[in-house]
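Structure file target22.cif; described as mmCIF, C-alpha atoms.
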```
data_data
#
loop_
_atom_site.label_atom_id
_atom_site.label_comp_id
_atom_site.auth_asym_id
_atom_site.auth_seq_id
_atom_site.Cartn_x
_atom_site.Cartn_y
_atom_site.Cartn_z
CA MET A 1 -94.83 75.06 -26.85
CA VAL A 2 -95.11 77.49 -29.75
CA ALA A 3 -91.48 78.53 -29.30
CA ALA A 4 -90.36 74.89 -29.30
CA VAL A 5 -92.25 74.22 -32.53
CA ALA A 6 -90.77 77.30 -34.13
CA VAL A 7 -87.23 76.25 -33.17
CA ALA A 8 -87.85 72.74 -34.49
CA ALA A 9 -89.23 74.11 -37.76
CA LEU A 10 -86.26 76.43 -38.15
CA ALA A 11 -83.86 73.56 -37.47
CA LEU A 12 -85.60 71.37 -40.07
CA PHE A 13 -85.49 74.21 -42.58
CA GLY A 14 -81.76 74.63 -41.95
CA VAL A 15 -81.15 70.91 -42.45
CA TYR A 16 -83.16 70.95 -45.68
CA GLU A 17 -81.21 73.93 -47.01
CA LEU A 18 -77.91 72.22 -46.18
CA LEU A 19 -78.88 68.96 -47.86
CA PHE A 20 -81.03 70.15 -50.78
CA GLY A 21 -81.04 73.97 -50.93
CA ARG A 22 -78.91 77.10 -51.12
CA LEU A 23 -76.66 76.04 -48.24
CA PHE A 24 -75.69 72.86 -50.09
CA PRO A 25 -72.27 74.26 -51.17
CA PHE A 26 -71.38 74.43 -47.46
CA SER A 27 -72.81 71.06 -46.44
CA PRO A 28 -70.41 68.39 -45.07
CA VAL A 29 -72.85 65.77 -46.39
CA VAL A 30 -73.58 65.26 -50.09
CA ALA A 31 -77.02 63.79 -50.71
CA GLY A 32 -78.70 62.92 -53.99
CA PHE A 33 -75.57 62.46 -56.13
CA SER A 34 -73.47 59.50 -57.20
CA ARG A 35 -69.80 59.91 -56.25
CA GLN A 36 -66.86 59.14 -58.54
CA GLU A 37 -63.34 59.53 -57.17
CA TYR A 38 -60.31 60.28 -59.30
CA GLU A 39 -56.69 60.62 -58.27
CA SER A 40 -56.89 64.29 -57.29
CA PHE A 41 -60.53 65.35 -57.56
CA ILE A 42 -64.08 64.09 -57.05
CA VAL A 43 -67.06 64.22 -59.42
CA TYR A 44 -70.65 64.04 -58.19
CA HIS A 45 -73.18 63.17 -60.88
CA HIS A 46 -76.43 61.47 -61.85
CA GLY A 47 -74.94 59.00 -64.28
CA GLN A 48 -74.09 61.58 -66.94
CA PRO A 49 -71.68 60.38 -69.64
CA GLU A 50 -69.39 63.34 -68.90
CA SER A 51 -68.58 61.94 -65.46
CA SER A 52 -66.59 59.07 -66.96
CA GLN A 53 -64.70 61.33 -69.38
CA LEU A 54 -63.12 63.79 -66.97
CA SER A 55 -59.90 61.95 -66.13
CA TYR A 56 -57.93 64.75 -67.83
CA LEU A 57 -58.82 66.98 -64.90
CA SER A 58 -55.94 65.45 -62.95
CA ASP A 59 -53.72 67.43 -65.31
CA VAL A 60 -55.87 70.52 -64.74
CA VAL A 61 -55.43 70.23 -60.97
CA ALA A 62 -51.65 70.18 -61.44
CA ILE A 63 -51.86 73.13 -63.85
CA GLU A 64 -53.88 75.15 -61.32
CA GLU A 65 -51.44 74.49 -58.48
CA ASP A 66 -48.41 75.28 -60.63
CA TYR A 67 -49.98 78.47 -62.01
CA HIS A 68 -51.13 79.86 -58.66
CA GLY A 69 -48.11 78.68 -56.70
CA MET A 70 -50.32 77.12 -54.03
CA PRO A 71 -52.06 73.77 -53.59
CA PHE A 72 -55.71 72.91 -53.25
CA ARG A 73 -56.41 72.50 -49.55
CA SER A 74 -58.83 69.67 -50.27
CA GLU A 75 -59.67 67.67 -53.37
CA PRO A 76 -61.69 69.77 -55.83
CA GLU A 77 -65.32 68.67 -56.02
CA ILE A 78 -67.28 68.99 -59.26
CA PHE A 79 -71.06 68.64 -59.32
CA LEU A 80 -72.75 67.76 -62.64
CA CYS A 81 -76.34 68.83 -62.07
CA ARG A 82 -79.23 66.77 -63.42
CA ASP A 83 -81.11 69.76 -64.79
CA ASP A 84 -81.10 73.52 -64.49
CA ARG A 85 -83.84 73.42 -61.89
CA GLU A 86 -81.54 71.45 -59.57
CA TYR A 87 -78.66 73.74 -60.46
CA HIS A 88 -80.62 76.86 -59.54
CA ARG A 89 -81.96 75.26 -56.35
CA LEU A 90 -78.45 74.44 -55.12
CA THR A 91 -76.63 77.57 -56.27
CA GLY A 92 -79.18 80.30 -56.89
CA GLY A 93 -77.36 81.14 -60.12
CA ARG A 94 -78.09 80.88 -63.83
CA ALA A 95 -74.60 81.12 -65.38
CA ARG A 96 -73.26 77.93 -66.96
CA PHE A 97 -70.78 77.39 -64.13
CA ILE A 98 -70.61 78.60 -60.54
CA ALA A 99 -67.81 78.08 -58.01
CA ILE A 100 -69.00 78.37 -54.40
CA ASN A 101 -66.96 77.59 -51.29
CA GLY A 102 -64.35 75.75 -53.34
CA ARG A 103 -66.93 73.52 -55.02
CA LEU A 104 -67.68 73.73 -58.74
CA PHE A 105 -71.25 73.36 -60.03
CA VAL A 106 -71.85 72.61 -63.72
CA SER A 107 -75.29 73.31 -65.15
CA LYS A 108 -77.13 71.00 -67.52
CA ARG A 109 -76.94 73.80 -70.09
CA ALA A 110 -73.14 73.77 -69.88
CA GLN A 111 -73.07 69.99 -70.27
CA ASP A 112 -75.33 70.20 -73.33
CA ASP A 113 -73.26 73.02 -74.84
CA ALA A 114 -70.08 70.99 -74.35
CA ARG A 115 -71.64 67.86 -75.83
CA GLN A 116 -72.77 69.79 -78.89
CA GLY A 117 -69.39 71.48 -79.35
CA ARG A 118 -70.49 75.01 -78.49
CA ILE A 119 -67.97 75.30 -75.65
CA ASP A 120 -64.78 73.48 -74.69
CA LEU A 121 -65.52 71.91 -71.32
CA ARG A 122 -61.86 71.56 -70.31
CA THR A 123 -61.19 75.27 -70.86
CA TYR A 124 -64.20 76.35 -68.84
CA LEU A 125 -63.47 73.90 -66.04
CA THR A 126 -59.88 75.16 -65.89
CA HIS A 127 -61.21 78.70 -65.58
CA GLU A 128 -63.65 77.81 -62.82
CA MET A 129 -61.20 75.67 -60.87
CA SER A 130 -58.99 78.74 -60.54
CA HIS A 131 -61.84 80.27 -58.56
CA CYS A 132 -62.18 77.08 -56.52
CA LEU A 133 -58.50 77.04 -55.57
CA LEU A 134 -58.49 80.65 -54.40
CA GLN A 135 -61.76 80.15 -52.53
CA GLN A 136 -60.20 77.27 -50.61
CA HIS A 137 -57.57 79.69 -49.29
CA MET A 138 -60.02 82.38 -48.17
CA SER A 139 -63.07 82.79 -45.99
CA ILE A 140 -66.42 83.16 -47.74
CA LEU A 141 -66.61 86.86 -46.90
CA ARG A 142 -63.09 87.56 -48.14
CA SER A 143 -63.68 85.76 -51.43
CA LEU A 144 -66.73 87.97 -52.00
CA LYS A 145 -64.60 91.09 -51.46
CA VAL A 146 -61.78 90.19 -53.87
CA PRO A 147 -61.94 92.45 -56.98
CA ARG A 148 -63.55 90.66 -59.90
CA TRP A 149 -60.90 91.88 -62.34
CA LEU A 150 -58.33 89.90 -60.37
CA LEU A 151 -60.42 86.74 -60.09
CA GLU A 152 -61.52 86.70 -63.72
CA GLY A 153 -58.23 87.89 -65.16
CA THR A 154 -56.35 85.17 -63.28
CA ALA A 155 -58.84 82.51 -64.35
CA MET A 156 -58.79 83.66 -68.00
CA ASP A 157 -54.99 83.62 -68.16
CA CYS A 158 -54.72 80.29 -66.34
CA ALA A 159 -57.19 78.67 -68.74
CA GLY A 160 -55.71 80.28 -71.86
CA GLN A 161 -59.22 81.51 -72.56
CA VAL A 162 -58.43 84.86 -74.18
CA GLY A 163 -59.47 84.50 -77.82
CA VAL A 164 -61.55 81.37 -77.19
CA GLY A 165 -65.23 81.36 -78.16
CA ILE A 166 -66.95 84.66 -77.36
CA TYR A 167 -63.86 86.19 -75.75
CA PRO A 168 -61.90 88.64 -77.95
CA ASP A 169 -58.33 87.65 -78.74
CA ARG A 170 -55.26 89.52 -77.58
CA SER A 171 -54.86 91.65 -80.71
CA ARG A 172 -58.47 92.87 -80.55
CA VAL A 173 -58.05 93.77 -76.88
CA TYR A 174 -54.81 95.63 -77.49
CA ASP A 175 -56.29 97.49 -80.47
CA ALA A 176 -59.34 98.51 -78.43
CA VAL A 177 -57.29 99.67 -75.43
CA ALA A 178 -55.03 101.65 -77.76
CA ARG A 179 -58.18 103.46 -78.97
CA GLY A 180 -59.09 104.32 -75.39
CA VAL A 181 -61.60 101.51 -74.84
CA PHE A 182 -60.69 100.37 -71.37
CA CYS A 183 -62.44 99.24 -68.21
CA GLU A 184 -60.54 100.42 -65.16
CA PRO A 185 -60.03 97.31 -63.00
CA ALA A 186 -61.41 99.00 -59.88
CA ASP A 187 -64.64 99.80 -61.77
CA PHE A 188 -65.40 96.11 -62.35
CA GLY A 189 -66.20 95.87 -58.66
CA THR A 190 -66.67 92.79 -56.50
CA VAL A 191 -69.43 90.24 -56.12
CA LEU A 192 -70.84 92.45 -53.37
CA ASP A 193 -70.75 95.93 -54.89
CA GLY A 194 -71.08 95.43 -58.64
CA GLU A 195 -69.86 97.53 -61.57
CA LYS A 196 -69.45 101.29 -61.89
CA GLY A 197 -67.77 104.02 -63.96
CA THR A 198 -65.96 102.75 -67.04
CA ALA A 199 -67.45 99.28 -66.60
CA LEU A 200 -70.85 100.79 -67.33
CA SER A 201 -69.87 103.41 -69.91
CA CYS A 202 -67.38 101.38 -71.98
CA PRO A 203 -68.53 101.80 -75.64
CA ILE A 204 -68.21 98.23 -76.87
CA GLU A 205 -70.49 95.31 -77.66
CA ASN A 206 -70.57 92.31 -75.37
CA ARG A 207 -68.80 94.25 -72.66
CA THR A 208 -68.43 91.43 -70.15
CA ALA A 209 -66.64 89.17 -72.65
CA PHE A 210 -64.32 92.05 -73.56
CA PHE A 211 -63.62 92.83 -69.90
CA TYR A 212 -62.74 89.20 -69.18
CA SER A 213 -60.27 89.20 -72.08
CA GLU A 214 -58.93 92.63 -71.08
CA PHE A 215 -58.18 91.46 -67.54
CA GLY A 216 -56.77 88.19 -68.85
CA CYS A 217 -54.37 90.24 -70.99
CA LEU A 218 -53.51 92.45 -68.01
CA VAL A 219 -52.64 89.43 -65.85
CA GLU A 220 -50.63 87.92 -68.70
CA PHE A 221 -48.77 91.24 -69.01
CA LEU A 222 -47.95 91.27 -65.28
CA ARG A 223 -46.72 87.67 -65.37
CA SER A 224 -44.67 88.07 -68.53
CA SER A 225 -43.15 91.41 -67.46
CA HIS A 226 -42.08 90.41 -63.96
CA GLY A 227 -42.18 86.62 -63.96
CA ALA A 228 -44.73 84.09 -62.76
CA GLN A 229 -43.21 83.88 -59.28
CA ARG A 230 -43.85 87.56 -58.63
CA TYR A 231 -47.53 87.15 -59.49
CA GLN A 232 -47.72 84.05 -57.30
CA ALA A 233 -46.22 86.02 -54.40
CA PHE A 234 -48.88 88.67 -54.95
CA LEU A 235 -51.70 86.10 -54.82
CA LYS A 236 -50.24 84.39 -51.77
CA ASP A 237 -49.87 87.65 -49.86
CA LEU A 238 -53.42 88.60 -50.80
CA VAL A 239 -55.04 85.41 -49.48
CA GLU A 240 -52.85 85.19 -46.37
CA SER A 241 -52.79 88.81 -45.19
CA ARG A 242 -54.99 89.79 -42.27
CA THR A 243 -56.66 92.58 -44.19
CA LEU A 244 -57.72 92.29 -47.80
CA ASN A 245 -55.76 95.08 -49.46
CA VAL A 246 -54.99 94.42 -53.10
CA GLU A 247 -52.86 97.54 -53.58
CA LYS A 248 -50.75 96.78 -50.50
CA SER A 249 -50.23 93.14 -51.46
CA PHE A 250 -49.30 94.24 -54.97
CA GLU A 251 -46.70 96.70 -53.71
CA GLU A 252 -45.28 94.05 -51.37
CA ALA A 253 -44.75 91.69 -54.29
CA TYR A 254 -43.84 94.11 -57.08
CA GLY A 255 -42.24 97.07 -55.36
CA THR A 256 -44.43 99.41 -57.39
CA THR A 257 -48.08 100.38 -57.46
CA LEU A 258 -50.85 98.59 -59.29
CA GLY A 259 -51.81 101.91 -60.88
CA ASP A 260 -48.33 102.29 -62.35
CA GLU A 261 -48.48 98.82 -63.86
CA ILE A 262 -51.93 99.45 -65.33
CA ALA A 263 -50.58 102.64 -66.92
CA ARG A 264 -47.63 100.66 -68.30
CA PHE A 265 -50.06 98.12 -69.75
CA LYS A 266 -51.94 100.90 -71.54
CA ASN A 267 -48.67 102.28 -72.91
CA GLU A 268 -47.79 98.83 -74.19
CA THR A 269 -50.98 98.77 -76.28
CA GLN A 270 -50.00 102.11 -77.83
CA ARG A 271 -46.58 100.78 -78.84
CA ARG A 272 -48.14 97.77 -80.51
#
```

Output the structure of this file as structure tokens.
Amino acid sequence: MVAAVAVAALALFGVYELLFGRLFPFSPVVAGFSRQEYESFIVYHHGQPESSQLSYLSDVVAIEEDYHGMPFRSEPEIFLCRDDREYHRLTGGRARFIAINGRLFVSKRAQDDARQGRIDLRTYLTHEMSHCLLQQHMSILRSLKVPRWLLEGTAMDCAGQVGVGIYPDRSRVYDAVARGVFCEPADFGTVLDGEKGTALSCPIENRTAFFYSEFGCLVEFLRSSHGAQRYQAFLKDLVESRTLNVEKSFEEAYGTTLGDEIARFKNETQRR
């Protein structure tokens, strides 16, 4: 009897977490939100004015697919949370935006900041939908193991976010790298293992913003030096290969090592 009650309680807890808790990003059922369908994406909301002003995201979906060289596997879903308490309950996070399992969650703080002109909502949504697209092509575990420099650099370049808001522009990044201020991509870690080495010792204010711009510049450098199709081939091999090996996928696509290209990027800053 006790065992049966325990199993029932555990099952009810699991259902609650799927519908209203931390497992919500993985739930096949969406409860508690109004649904608004667009041509190529879906917005879930609580009647927020932003939900009726997001039609431009159809263009963003096309931009994402063209940039990455791969389609969304399902329509992107964007959740405009009622308040930050709901946002934290569903995602466990406190950043303005969080992409989980191919779904994008937008905090009330982000909505307020956009409404008051402190951030450009389209730019941030473009950044986050890059994460959503790649997540749709990977398992949850694999997406957690992808190096953050690659995820954030790709999203920054796709959104044209280098030099926007708090993120240093290209000239500031190049000047800093030329002075030896540089976060080695491998040191930026993954979601699972965190930062180390130069990511912790880099002598610069607002390090995370600088790192995002640095990696955005690095991705831009790779795409401009070798062409967008080469970078797309790299991403495709990375998400489709049996083992997640960034260096191997890079060599398959570029015919050279990632380390060599990083060194070439540093030399480019010196020449400028």

List as a PDB file with C-alpha atoms, in the coordinates of the input the protein and nucleic acid residues near His45 of chain A, meaning an atom at most 10 Å away when all atoms listed in the file are counted, but skip any in the same chain fewer than 4 places from it.
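Result went into result-v9.pdb, see below:
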```pdb
ATOM      1  CA  GLY A  32     -78.700  62.920 -53.990  1.00  0.00           C
ATOM      2  CA  PHE A  33     -75.570  62.460 -56.130  1.00  0.00           C
ATOM      3  CA  SER A  34     -73.470  59.500 -57.200  1.00  0.00           C
ATOM      4  CA  ARG A  35     -69.800  59.910 -56.250  1.00  0.00           C
ATOM      5  CA  GLN A  36     -66.860  59.140 -58.540  1.00  0.00           C
ATOM      6  CA  PRO A  49     -71.680  60.380 -69.640  1.00  0.00           C
ATOM      7  CA  GLU A  50     -69.390  63.340 -68.900  1.00  0.00           C
ATOM      8  CA  SER A  51     -68.580  61.940 -65.460  1.00  0.00           C
ATOM      9  CA  SER A  52     -66.590  59.070 -66.960  1.00  0.00           C
ATOM     10  CA  ILE A  78     -67.280  68.990 -59.260  1.00  0.00           C
ATOM     11  CA  PHE A  79     -71.060  68.640 -59.320  1.00  0.00           C
ATOM     12  CA  LEU A  80     -72.750  67.760 -62.640  1.00  0.00           C
ATOM     13  CA  CYS A  81     -76.340  68.830 -62.070  1.00  0.00           C
ATOM     14  CA  ARG A  82     -79.230  66.770 -63.420  1.00  0.00           C
ATOM     15  CA  VAL A 106     -71.850  72.610 -63.720  1.00  0.00           C
TER      16      VAL A 106
END
```

Expected residue set, 10 Å radius at (-72.0, 94.2, -49.7), only C-alpha atoms, as a list in words
Leu141, Leu144, Lys145, Thr190, Val191, Leu192, Asp193 and Gly194 of chain A

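Evaluated against the shown file, the PyMOL selection byres ((chain A and resi 56-62) around 10) gives Tyr38, Glu39, Ser40, Phe41, Ile42, Gln53, Leu54, Ser55, Ile63, Glu64, Glu65, Asp66, Tyr67, Pro71, Phe72, Glu75, Pro76, Arg122, Thr123, Leu125, Thr126, His127, Met129, Ser130, Leu133, Cys158 and Ala159 of chain A.
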
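Proximity of A:Tyr124, A:Phe265, A:Phe234, A:Phe250 to Val173 of chain A, computed with all atoms listed in the file, is greatest for A:Phe265.
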
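When only C-alpha atoms are used to compute distances to Arg148 of chain A, the closest of the residues A:Asp175, A:Asp120, A:Glu184, A:Asp169 turns out to be A:Glu184.
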